[in-house]
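Structure data (compact mmCIF, C-alpha atoms) from entry.txt:
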# COMPACT_ATOMS: atom_id res chain seq x y z
CA TRP A 7 13.04 -8.51 35.88
CA ILE A 8 16.18 -6.56 35.16
CA ARG A 9 18.80 -9.13 36.18
CA PHE A 10 18.81 -11.33 33.06
CA PRO A 11 18.45 -8.50 30.51
CA LEU A 12 21.22 -6.71 32.39
CA TYR A 13 23.46 -9.73 31.82
CA ALA A 14 22.63 -9.64 28.10
CA VAL A 15 23.56 -5.96 27.90
CA ALA A 16 26.84 -6.66 29.72
CA ALA A 17 27.63 -9.45 27.26
CA GLN A 18 26.99 -7.08 24.37
CA ALA A 19 28.94 -4.10 25.65
CA TRP A 20 31.79 -5.86 27.47
CA LEU A 21 32.49 -9.55 26.72
CA GLY A 22 31.32 -9.42 23.12
CA ARG A 23 33.43 -6.44 22.09
CA ASP A 24 36.20 -8.76 20.91
CA ARG A 25 35.37 -11.11 18.05
CA ASP A 26 38.04 -13.59 19.21
CA ILE A 27 36.26 -13.91 22.56
CA ARG A 28 33.00 -14.61 20.76
CA VAL A 29 34.69 -17.35 18.73
CA ILE A 30 36.11 -18.88 21.94
CA LEU A 31 32.61 -18.79 23.47
CA LEU A 32 31.27 -20.54 20.38
CA ILE A 33 33.90 -23.26 20.77
CA SER A 34 32.99 -23.67 24.45
CA ILE A 35 29.33 -24.06 23.44
CA LEU A 36 30.38 -26.79 20.99
CA VAL A 37 32.30 -28.67 23.68
CA GLY A 38 29.43 -28.39 26.15
CA MET A 39 26.87 -29.48 23.58
CA LEU A 40 28.87 -32.57 22.57
CA ILE A 41 29.33 -33.55 26.22
CA MET A 42 25.59 -33.18 26.81
CA CYS A 43 24.81 -35.32 23.74
CA LEU A 44 27.15 -38.06 24.97
CA ILE A 45 25.51 -37.97 28.41
CA LEU A 46 22.07 -38.33 26.83
CA LEU A 47 23.29 -41.16 24.59
CA SER A 48 24.52 -42.93 27.74
CA GLU A 49 21.12 -42.44 29.36
CA ILE A 50 19.35 -43.93 26.35
CA ILE A 51 21.57 -47.02 26.61
CA ILE A 52 21.59 -47.42 30.40
CA GLU A 53 18.25 -46.00 31.54
CA PRO A 54 15.92 -45.47 28.55
CA LYS A 55 12.65 -43.55 29.05
CA ILE A 56 10.30 -41.21 27.18
CA ARG A 57 11.62 -38.03 28.86
CA LEU A 58 15.36 -37.94 29.48
CA THR A 59 16.61 -36.32 32.68
CA TRP A 60 20.40 -36.70 32.83
CA PRO A 61 22.51 -34.94 34.09
CA TYR A 62 20.15 -32.65 36.03
CA GLY A 63 17.68 -35.20 37.34
CA ASP A 64 14.98 -33.07 35.72
CA HIS A 65 13.43 -32.60 32.26
CA LEU A 66 16.00 -30.00 31.19
CA PRO A 67 18.61 -31.50 28.82
CA GLY A 68 16.55 -30.55 25.76
CA THR A 69 16.43 -26.98 27.04
CA TYR A 70 20.23 -26.96 27.18
CA LEU A 71 20.53 -28.23 23.60
CA ALA A 72 17.80 -26.03 22.10
CA LYS A 73 18.52 -22.77 23.95
CA PHE A 74 22.01 -22.66 25.44
CA SER A 75 23.45 -24.27 22.28
CA LEU A 76 21.26 -22.36 19.82
CA PRO A 77 23.98 -19.89 18.68
CA LEU A 78 26.18 -22.80 17.63
CA ILE A 79 23.28 -24.59 15.93
CA CYS A 80 22.53 -21.51 13.83
CA VAL A 81 26.18 -20.95 12.87
CA PHE A 82 26.72 -24.60 11.93
CA SER A 83 23.46 -24.60 9.95
CA ILE A 84 24.48 -21.73 7.71
CA LEU A 85 27.96 -23.23 7.27
CA THR A 86 26.43 -26.59 6.37
CA ILE A 87 24.91 -25.13 3.20
CA LYS A 88 27.90 -22.94 2.41
CA TYR A 89 30.54 -25.70 2.77
CA LEU A 90 28.48 -28.85 2.29
CA LYS A 91 30.96 -30.51 -0.06
CA THR A 92 34.14 -29.69 1.85
CA ASN A 93 33.27 -30.13 5.53
CA ILE A 94 30.93 -32.93 6.61
CA LEU A 95 31.66 -32.12 10.27
CA PHE A 96 28.92 -29.48 10.36
CA VAL A 97 26.34 -31.98 9.12
CA ILE A 98 27.38 -34.65 11.64
CA VAL A 99 27.25 -32.26 14.60
CA LEU A 100 23.85 -30.91 13.55
CA ILE A 101 22.28 -34.32 13.01
CA PHE A 102 23.72 -35.64 16.27
CA SER A 103 22.50 -32.69 18.38
CA ILE A 104 19.06 -32.50 16.76
CA SER A 105 18.58 -36.26 17.16
CA MET A 106 19.51 -36.09 20.84
CA CYS A 107 17.10 -33.19 21.35
CA PHE A 108 14.36 -35.26 19.73
CA LEU A 109 15.10 -38.23 21.98
CA THR A 110 14.82 -36.08 25.13
CA GLY A 111 11.08 -36.03 24.46
CA GLU A 112 10.89 -32.23 24.83
CA ARG A 113 8.63 -31.17 21.99
CA VAL A 114 8.85 -27.37 22.18
CA ASN A 115 12.64 -27.45 22.43
CA PHE A 116 12.82 -29.79 19.45
CA LEU A 117 10.65 -27.38 17.43
CA ILE A 118 12.95 -24.50 18.42
CA ILE A 119 16.12 -26.27 17.32
CA ILE A 120 14.72 -27.69 14.07
CA SER A 121 13.02 -24.40 13.06
CA ALA A 122 16.19 -22.40 13.77
CA THR A 123 18.23 -24.89 11.73
CA PHE A 124 15.96 -24.71 8.68
CA LEU A 125 15.65 -20.91 8.86
CA SER A 126 19.45 -20.63 8.98
CA PHE A 127 19.65 -22.81 5.88
CA PHE A 128 17.66 -20.22 3.92
CA LEU A 129 20.02 -17.36 4.80
CA ASN A 130 22.50 -18.53 2.16
CA LYS A 131 21.70 -16.58 -1.00
CA GLY A 132 21.47 -18.56 -4.21
CA LYS A 133 21.62 -21.93 -2.44
CA LEU A 134 17.97 -22.98 -2.69
CA LEU A 135 18.70 -26.38 -4.24
CA LYS A 136 21.22 -27.24 -1.51
CA THR A 137 18.83 -25.89 1.13
CA PHE A 138 15.87 -28.02 0.11
CA GLY A 139 18.13 -31.02 -0.40
CA SER A 140 19.59 -30.63 3.09
CA ILE A 141 16.13 -30.22 4.64
CA SER A 142 14.99 -33.42 2.90
CA ILE A 143 18.03 -35.32 4.21
CA PHE A 144 17.44 -34.06 7.75
CA LEU A 145 13.75 -34.99 7.65
CA LEU A 146 14.50 -38.46 6.31
CA PHE A 147 17.09 -39.04 9.02
CA LEU A 148 14.66 -37.85 11.72
CA TYR A 149 12.01 -40.18 10.34
CA PHE A 150 14.50 -43.05 10.58
CA ILE A 151 15.40 -42.15 14.18
CA SER A 152 11.75 -41.79 15.19
CA SER A 153 10.88 -45.18 13.69
CA LEU A 154 13.35 -46.76 16.13
CA PHE A 155 11.49 -45.17 19.06
CA PRO A 156 7.75 -45.56 18.30
CA VAL A 157 6.61 -44.23 21.69
CA THR A 158 8.63 -41.04 21.23
CA GLN A 159 7.39 -40.80 17.65
CA LYS A 160 3.79 -40.90 18.89
CA ARG A 161 4.59 -38.20 21.47
CA PHE A 162 5.85 -35.90 18.70
CA THR A 163 3.06 -36.57 16.22
CA SER A 164 -0.50 -37.47 17.23
CA ASP A 165 -0.10 -36.70 20.96
CA PHE A 166 1.48 -33.35 20.16
CA LEU A 167 -1.30 -32.31 17.79
CA LYS A 168 -3.87 -33.20 20.45
CA SER A 169 -2.08 -31.13 23.12
CA ILE A 170 -1.46 -27.78 21.39
CA PRO A 171 -3.04 -25.23 23.76
CA VAL A 172 -4.28 -22.77 21.12
CA ILE A 173 -6.44 -25.30 19.29
CA ASN A 174 -7.10 -27.83 22.07
CA THR A 175 -8.95 -26.47 25.08
CA THR A 176 -9.85 -30.01 26.13
CA ASN A 177 -7.63 -33.05 26.49
CA LYS A 178 -8.10 -35.11 23.32
CA ILE A 179 -5.60 -37.74 24.42
CA ASP A 180 -7.79 -39.14 27.20
CA ASN A 181 -11.04 -37.41 26.04
CA SER A 182 -11.33 -35.37 29.26
CA LYS A 183 -12.38 -31.74 29.52
CA HIS A 184 -9.09 -30.74 31.12
CA ASN A 185 -6.07 -29.96 28.94
CA PRO A 186 -3.26 -29.01 31.38
CA TYR A 187 -1.32 -27.11 28.71
CA TRP A 188 -4.28 -24.86 27.92
CA GLY A 189 -5.30 -24.82 31.59
CA VAL A 190 -2.18 -22.97 32.78
CA TRP A 191 -2.56 -20.43 29.96
CA ARG A 192 -6.22 -20.02 30.84
CA SER A 193 -5.56 -19.42 34.52
CA GLY A 194 -3.02 -16.74 33.60
CA ILE A 195 -5.49 -15.05 31.28
CA HIS A 196 -8.11 -15.24 34.04
CA GLN A 197 -5.80 -13.53 36.54
CA ALA A 198 -4.90 -10.88 33.95
CA ILE A 199 -8.57 -10.09 33.42
CA LEU A 200 -9.07 -9.60 37.17
CA ASN A 201 -6.08 -7.19 37.41
CA PRO A 202 -5.58 -5.83 33.88
CA ILE A 203 -3.55 -2.68 34.59
CA THR A 204 -0.81 -3.60 37.06
CA GLY A 205 -1.37 -7.36 37.45
CA ILE A 206 -1.19 -9.50 40.56
CA GLY A 207 2.54 -8.97 41.19
CA PRO A 208 5.66 -10.78 39.94
CA SER A 209 5.71 -14.52 40.71
CA ASN A 210 2.34 -14.32 42.51
CA THR A 211 0.59 -16.78 40.19
CA ARG A 212 1.47 -19.70 42.46
CA HIS A 213 -0.24 -17.97 45.39
CA THR A 214 -3.42 -16.64 43.76
CA CYS A 215 -4.17 -19.27 41.12
CA LYS A 216 -5.64 -21.71 43.63
CA LEU A 217 -8.20 -19.06 44.64
CA LEU A 218 -9.64 -18.82 41.12
CA PRO A 219 -13.03 -20.41 40.30
CA PHE A 220 -12.39 -23.55 38.27
CA ASN A 221 -14.50 -22.75 35.19
CA GLU A 222 -14.69 -18.96 35.18
CA PRO A 223 -14.91 -16.77 33.17
CA SER A 224 -17.60 -18.73 31.38
CA TRP A 225 -16.75 -17.31 27.94
CA LEU A 226 -13.27 -18.87 28.07
CA PRO A 227 -13.35 -22.54 26.98
CA GLY A 228 -11.87 -25.32 29.09
CA SER A 229 -10.90 -25.07 32.74
CA ASN A 230 -8.13 -23.55 34.85
CA ASN A 231 -5.03 -25.51 35.81
CA CYS A 232 -3.00 -24.02 38.63
CA GLY A 233 0.78 -24.10 38.47
CA ASN A 234 3.73 -22.04 39.58
CA HIS A 235 3.35 -19.80 36.51
CA PRO A 236 1.28 -19.65 33.27
CA HIS A 237 4.06 -21.30 31.16
CA ASN A 238 4.00 -18.46 28.62
CA PHE A 239 6.09 -15.28 28.93
CA TYR A 240 3.45 -13.00 27.44
CA ILE A 241 0.55 -14.37 29.47
CA GLN A 242 2.72 -14.31 32.61
CA LEU A 243 3.70 -10.68 32.03
CA PHE A 244 0.04 -9.78 31.47
CA ALA A 245 -1.10 -11.65 34.58
CA GLU A 246 1.68 -10.58 36.95
CA THR A 247 2.59 -7.08 35.71
CA GLY A 248 -0.59 -6.15 33.88
CA PHE A 249 -1.03 -4.42 30.56
CA VAL A 250 1.78 -1.99 31.41
CA GLY A 251 4.31 -4.77 32.02
CA LEU A 252 3.15 -6.70 28.95
CA ILE A 253 3.74 -3.69 26.68
CA ILE A 254 7.16 -2.93 28.18
CA GLY A 255 8.24 -6.59 28.05
CA THR A 256 7.03 -7.05 24.47
CA CYS A 257 8.85 -3.89 23.37
CA MET A 258 12.02 -5.26 24.99
CA PHE A 259 11.68 -8.55 23.07
CA ILE A 260 11.10 -6.73 19.77
CA SER A 261 14.03 -4.38 20.43
CA ILE A 262 16.36 -7.34 21.04
CA ILE A 263 15.25 -9.05 17.82
CA LEU A 264 15.69 -5.85 15.77
CA SER A 265 19.11 -5.13 17.29
CA CYS A 266 20.29 -8.62 16.36
CA TYR A 267 18.78 -8.29 12.88
CA LYS A 268 20.83 -5.13 12.24
CA THR A 269 24.04 -7.14 12.44
CA ARG A 270 23.23 -8.81 9.11
CA LYS A 271 23.85 -5.49 7.33
CA LEU A 272 26.94 -4.62 9.34
CA THR A 273 28.87 -7.87 8.85
CA ASP A 274 27.02 -9.94 6.28
CA SER A 275 29.95 -12.35 5.77
CA CYS A 276 30.12 -13.43 9.44
CA PRO A 277 27.92 -16.49 10.19
CA MET A 278 27.58 -15.46 13.86
CA SER A 279 26.25 -12.03 12.89
CA LYS A 280 24.14 -13.31 10.04
CA THR A 281 22.17 -15.74 12.23
CA ALA A 282 22.05 -13.65 15.44
CA PHE A 283 18.43 -12.52 14.97
CA ILE A 284 17.19 -16.11 14.79
CA ILE A 285 18.10 -16.71 18.43
CA PRO A 286 15.77 -14.14 20.08
CA LEU A 287 13.14 -14.75 17.40
CA ALA A 288 13.04 -18.44 18.32
CA LEU A 289 13.31 -18.00 22.08
CA PHE A 290 10.68 -15.23 22.30
CA PHE A 291 8.23 -16.63 19.74
CA PRO A 292 4.90 -16.16 21.56
CA LEU A 293 3.02 -19.36 20.69
CA GLN A 294 5.05 -21.82 22.75
CA GLN A 295 5.40 -23.14 26.28
CA PHE A 296 7.90 -21.22 28.40
CA GLY A 297 9.37 -21.59 31.85
CA SER A 298 8.84 -18.85 34.41
CA PHE A 299 9.92 -15.39 33.30
CA TYR A 300 11.46 -14.92 36.76
CA GLY A 301 12.84 -18.44 37.15
CA GLN A 302 16.44 -19.63 37.24
CA TRP A 303 17.04 -22.70 35.08
CA GLY A 304 15.25 -21.74 31.90
CA ASN A 305 16.39 -18.13 32.03
CA LEU A 306 19.99 -19.21 32.57
CA PHE A 307 19.93 -21.01 29.21
CA ILE A 308 17.83 -18.41 27.38
CA TRP A 309 19.72 -15.28 28.37
CA PHE A 310 23.12 -16.80 27.73
CA ALA A 311 22.06 -17.34 24.12
CA ILE A 312 20.44 -13.88 23.93
CA GLY A 313 23.60 -12.28 25.33
CA PHE A 314 25.70 -14.05 22.72
CA ALA A 315 23.35 -12.92 19.95
CA LEU A 316 23.37 -9.30 21.16
CA SER A 317 27.17 -9.32 21.40
CA GLN A 318 27.31 -9.54 17.59
CA PHE A 319 25.90 -5.99 17.38
CA GLN A 320 28.86 -3.65 17.89
CA ASN A 321 27.86 -0.54 15.94
CA TRP A 322 28.44 1.74 18.92
CA LYS A 323 28.86 5.50 18.74
CA HIS A 324 31.51 6.39 21.31
CA PRO A 325 32.01 9.98 22.46
CA LYS A 326 35.48 11.37 21.89
CA ASN A 327 37.81 10.98 24.82
CA ASN A 328 39.11 14.44 25.66
CA LEU A 329 41.42 13.28 28.47
Rewrite the coordinates I just gave you, this time as structure tokens.
Amino acid sequence: WIRFPLYAVAAQAWLGRDRDIRVILLISILVGMLIMCLILLSEIIIEPKIRLTWPYGDHLPGTYLAKFSLPLICVFSILTIKYLKTNILFVIVLIFSISMCFLTGERVNFLIIISATFLSFFLNKGKLLKTFGSISIFLLFLYFISSLFPVTQKRFTSDFLKSIPVINTTNKIDNSKHNPYWGVWRSGIHQAILNPITGIGPSNTRHTCKLLPFNEPSWLPGSNNCGNHPHNFYIQLFAETGFVGLIIGTCMFISIILSCYKTRKLTDSCPMSKTAFIIPLALFFPLQQFGSFYGQWGNLFIWFAIGFALSQFQNWKHPKNNL
């Protein structure tokens, strides 16, 4: 799994060396995000449904907004509090993008984008009153938007609470014993238990999951649900690369978060540097549904944002050039 981290390192050590390039990248993210929001708005008007799929024909537009666009969301969030009275543009862009992410019906991605926004708000020192006021305004606006789409509102409230894998091992929506969200986690844990040291091999979940007994091990609640992967990075690493791969992967995640956090002390006045640590923290937060760790689509969005966050850290020690 070196290809995507290798891209992030390249972004940090090569593309991100120039602050002007990072600003241009941020502008390109803004343009792409606005185009995506307009596409989704067109879908809501022309072909409304609970889960939006334009322009990919798949349930991915929320992933684009919440992951690929996350660096811009964090920067605009901190600037919203800092320049609330002088530039309403930041507020409009944030509300528009967060609302579109909500209307995609993608619950985890919505939680990522709204949590990153609120955490960025709090990074402004001495602005607590503005922070809580802005959070209240955002929540009221989201409540207004959700009231216009009652089915989506139900998906994000009662249905969501009944589907959280950690606390729902059965399906409380239809009162069955099978919760698919917990089921894919459970099957990954089951495979990890069978091969705890080295795992079953990268991307092998899809091949071996169907061979697992449905309700074993008996001490784990619920039942297995076979999929292409366990839908959680940490469980997937444990299942497919064992305890060794889980430790190495977790150390890599922590190292990325800490490297991005260091930029706050180096350039505290820069909003890109100040919010960089939020990006890996949000994208690697363990208690959420993930795509495949070895997949294409999800990792394309995630590692672009991680690369941008890492590029803010430029405290390199270069050896003297004796030539």
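Counting all atoms listed in the file, the residue from A:Ile199, A:Ile170, A:Ile104, A:Leu218 that sits nearest to Ser152 in chain A is A:Ile104.
The space between CA of Lys271 in chain A and CA of Ile120 in chain A spans 24.9 Å.
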Any idea what's packed within 7 Å of Ala122 in chain A, counting all atoms listed in the file, ignoring anything in its chain fewer than 2 positions away? Could you give it as an NGL selection string? :A and (80 or 118-120 or 124-126 or 284 or 288)
Using all atoms listed in the file, what residues lie at most 12 Å away from (12.9, -20.1, 35.4) (file coordinates), given as a PyMOL selection string? chain A and resi 7+10+66+69+209+234-239+296-309
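Comparing A:Ala72, A:Ile206, A:Ile87, A:Ala311 by their smallest distance to Lys131 in chain A, the closest is A:Ile87 (using all atoms listed in the file).
The spacing separating CA of Gly251 in chain A from CA of Thr204 in chain A amounts to 7.3 Å.
Between CA of Glu49 in chain A and CA of Leu289 in chain A there is a distance of 26.7 Å.
The shell of residues at most 12 Å from range 212-214 of chain A, with all atoms listed in the file counted and near chain neighbours (fewer than 4 positions) removed, consists of Val190, Ser193, Gly194, His196, Gln197, Ala198, Leu200, Asn201, Gly205, Ile206, Gly207, Pro208, Leu218, Pro219, Asn231, Cys232, Gly233, Asn234, His235, Pro236, His237, Gln242, Ala245, Glu246 and Ser298 of chain A.
Using only C-alpha atoms, the shortest contact distance between Lys280 in chain A and any of A:Asn210, A:Thr158, A:Ser103, A:Gln318 is found at A:Gln318.
Among the candidate residues A:Ile151, A:Met258, A:Cys276, A:Met39, the one lying nearest to Lys73 in chain A is A:Met39, with distances computed using only C-alpha atoms.
Minimum atom-to-atom distance to Thr176 in chain A, evaluated using all atoms listed in the file, belongs to A:Leu226 out of A:Leu226, A:Leu287, A:Val29, A:Leu252.
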Around all of range 110-117 of chain A's listed atoms, make the axis-aligned box with 3 Å on each side and tell me centre and edge lengths in Å to one decimal, as JSON.
{"center_x": 11.7, "center_y": -31.7, "center_z": 21.3, "size_x": 12.2, "size_y": 14.7, "size_z": 13.7}
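By chain and then residue number, the residues within 10 Å of Val250 in chain A are Pro202, Ile203, Thr204, Gly205, Leu243, Phe244 and Gly255 of chain A, counting only C-alpha atoms and disregarding those fewer than 5 positions away in sequence.
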For each of A:Gly63, A:Ile79, A:Val114, A:Ile35, take the minimum atom-to-atom distance to Phe127 in chain A, counting all atoms listed in the file, then give the residue where this is smallest. A:Ile79
Because the input lacks atoms here, generate N, CA and C atoms for range 130-160 of chain A and report them as a PDB file, keeping the file's coordinate frame.
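Generated output (part_25.pdb):
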ATOM      1  N   ASN A 130      21.486 -18.474   3.213  1.00  0.00           N
ATOM      2  CA  ASN A 130      22.500 -18.530   2.160  1.00  0.00           C
ATOM      3  C   ASN A 130      21.866 -18.156   0.830  1.00  0.00           C
ATOM      4  N   LYS A 131      22.275 -17.037   0.271  1.00  0.00           N
ATOM      5  CA  LYS A 131      21.700 -16.580  -1.000  1.00  0.00           C
ATOM      6  C   LYS A 131      22.130 -17.481  -2.155  1.00  0.00           C
ATOM      7  N   GLY A 132      21.171 -17.774  -3.017  1.00  0.00           N
ATOM      8  CA  GLY A 132      21.470 -18.560  -4.210  1.00  0.00           C
ATOM      9  C   GLY A 132      21.770 -20.017  -3.954  1.00  0.00           C
ATOM     10  N   LYS A 133      21.332 -20.537  -2.794  1.00  0.00           N
ATOM     11  CA  LYS A 133      21.620 -21.930  -2.440  1.00  0.00           C
ATOM     12  C   LYS A 133      20.315 -22.705  -2.207  1.00  0.00           C
ATOM     13  N   LEU A 134      19.270 -22.366  -2.943  1.00  0.00           N
ATOM     14  CA  LEU A 134      17.970 -22.980  -2.690  1.00  0.00           C
ATOM     15  C   LEU A 134      17.985 -24.488  -2.910  1.00  0.00           C
ATOM     16  N   LEU A 135      18.661 -24.950  -3.951  1.00  0.00           N
ATOM     17  CA  LEU A 135      18.700 -26.380  -4.240  1.00  0.00           C
ATOM     18  C   LEU A 135      19.381 -27.131  -3.097  1.00  0.00           C
ATOM     19  N   LYS A 136      20.530 -26.615  -2.632  1.00  0.00           N
ATOM     20  CA  LYS A 136      21.220 -27.240  -1.510  1.00  0.00           C
ATOM     21  C   LYS A 136      20.378 -27.177  -0.232  1.00  0.00           C
ATOM     22  N   THR A 137      19.655 -26.064  -0.072  1.00  0.00           N
ATOM     23  CA  THR A 137      18.830 -25.890   1.130  1.00  0.00           C
ATOM     24  C   THR A 137      17.725 -26.931   1.187  1.00  0.00           C
ATOM     25  N   PHE A 138      16.965 -27.053   0.126  1.00  0.00           N
ATOM     26  CA  PHE A 138      15.870 -28.020   0.110  1.00  0.00           C
ATOM     27  C   PHE A 138      16.390 -29.454   0.161  1.00  0.00           C
ATOM     28  N   GLY A 139      17.535 -29.691  -0.482  1.00  0.00           N
ATOM     29  CA  GLY A 139      18.130 -31.020  -0.400  1.00  0.00           C
ATOM     30  C   GLY A 139      18.557 -31.367   1.017  1.00  0.00           C
ATOM     31  N   SER A 140      19.158 -30.393   1.710  1.00  0.00           N
ATOM     32  CA  SER A 140      19.590 -30.630   3.090  1.00  0.00           C
ATOM     33  C   SER A 140      18.400 -30.840   4.010  1.00  0.00           C
ATOM     34  N   ILE A 141      17.342 -30.054   3.820  1.00  0.00           N
ATOM     35  CA  ILE A 141      16.130 -30.220   4.640  1.00  0.00           C
ATOM     36  C   ILE A 141      15.547 -31.613   4.434  1.00  0.00           C
ATOM     37  N   SER A 142      15.526 -32.072   3.192  1.00  0.00           N
ATOM     38  CA  SER A 142      14.990 -33.420   2.900  1.00  0.00           C
ATOM     39  C   SER A 142      15.820 -34.492   3.592  1.00  0.00           C
ATOM     40  N   ILE A 143      17.147 -34.337   3.553  1.00  0.00           N
ATOM     41  CA  ILE A 143      18.030 -35.320   4.210  1.00  0.00           C
ATOM     42  C   ILE A 143      17.790 -35.329   5.709  1.00  0.00           C
ATOM     43  N   PHE A 144      17.672 -34.146   6.317  1.00  0.00           N
ATOM     44  CA  PHE A 144      17.440 -34.060   7.750  1.00  0.00           C
ATOM     45  C   PHE A 144      16.107 -34.706   8.132  1.00  0.00           C
ATOM     46  N   LEU A 145      15.066 -34.431   7.345  1.00  0.00           N
ATOM     47  CA  LEU A 145      13.750 -34.990   7.650  1.00  0.00           C
ATOM     48  C   LEU A 145      13.739 -36.512   7.502  1.00  0.00           C
ATOM     49  N   LEU A 146      14.420 -37.018   6.485  1.00  0.00           N
ATOM     50  CA  LEU A 146      14.500 -38.460   6.310  1.00  0.00           C
ATOM     51  C   LEU A 146      15.246 -39.125   7.459  1.00  0.00           C
ATOM     52  N   PHE A 147      16.323 -38.486   7.907  1.00  0.00           N
ATOM     53  CA  PHE A 147      17.090 -39.040   9.020  1.00  0.00           C
ATOM     54  C   PHE A 147      16.256 -39.021  10.303  1.00  0.00           C
ATOM     55  N   LEU A 148      15.510 -37.926  10.528  1.00  0.00           N
ATOM     56  CA  LEU A 148      14.660 -37.850  11.720  1.00  0.00           C
ATOM     57  C   LEU A 148      13.545 -38.891  11.673  1.00  0.00           C
ATOM     58  N   TYR A 149      13.035 -39.138  10.476  1.00  0.00           N
ATOM     59  CA  TYR A 149      12.010 -40.180  10.340  1.00  0.00           C
ATOM     60  C   TYR A 149      12.595 -41.558  10.684  1.00  0.00           C
ATOM     61  N   PHE A 150      13.834 -41.784  10.259  1.00  0.00           N
ATOM     62  CA  PHE A 150      14.500 -43.050  10.580  1.00  0.00           C
ATOM     63  C   PHE A 150      14.707 -43.186  12.086  1.00  0.00           C
ATOM     64  N   ILE A 151      15.184 -42.121  12.727  1.00  0.00           N
ATOM     65  CA  ILE A 151      15.400 -42.150  14.180  1.00  0.00           C
ATOM     66  C   ILE A 151      14.082 -42.372  14.913  1.00  0.00           C
ATOM     67  N   SER A 152      13.041 -41.665  14.501  1.00  0.00           N
ATOM     68  CA  SER A 152      11.750 -41.790  15.190  1.00  0.00           C
ATOM     69  C   SER A 152      11.148 -43.177  15.039  1.00  0.00           C
ATOM     70  N   SER A 153      11.412 -43.833  13.899  1.00  0.00           N
ATOM     71  CA  SER A 153      10.880 -45.180  13.690  1.00  0.00           C
ATOM     72  C   SER A 153      11.506 -46.197  14.643  1.00  0.00           C
ATOM     73  N   LEU A 154      12.705 -45.875  15.158  1.00  0.00           N
ATOM     74  CA  LEU A 154      13.350 -46.760  16.130  1.00  0.00           C
ATOM     75  C   LEU A 154      12.784 -46.582  17.531  1.00  0.00           C
ATOM     76  N   PHE A 155      12.075 -45.474  17.749  1.00  0.00           N
ATOM     77  CA  PHE A 155      11.490 -45.170  19.060  1.00  0.00           C
ATOM     78  C   PHE A 155      10.021 -44.813  18.857  1.00  0.00           C
ATOM     79  N   PRO A 156       9.158 -45.826  18.647  1.00  0.00           N
ATOM     80  CA  PRO A 156       7.750 -45.560  18.300  1.00  0.00           C
ATOM     81  C   PRO A 156       6.985 -44.782  19.361  1.00  0.00           C
ATOM     82  N   VAL A 157       7.303 -44.970  20.642  1.00  0.00           N
ATOM     83  CA  VAL A 157       6.610 -44.230  21.690  1.00  0.00           C
ATOM     84  C   VAL A 157       6.947 -42.743  21.600  1.00  0.00           C
ATOM     85  N   THR A 158       8.219 -42.431  21.394  1.00  0.00           N
ATOM     86  CA  THR A 158       8.630 -41.040  21.230  1.00  0.00           C
ATOM     87  C   THR A 158       8.047 -40.453  19.957  1.00  0.00           C
ATOM     88  N   GLN A 159       7.987 -41.257  18.905  1.00  0.00           N
ATOM     89  CA  GLN A 159       7.390 -40.800  17.650  1.00  0.00           C
ATOM     90  C   GLN A 159       5.931 -40.406  17.854  1.00  0.00           C
ATOM     91  N   LYS A 160       5.184 -41.206  18.605  1.00  0.00           N
ATOM     92  CA  LYS A 160       3.790 -40.900  18.890  1.00  0.00           C
ATOM     93  C   LYS A 160       3.668 -39.617  19.711  1.00  0.00           C
TER      94      LYS A 160
END
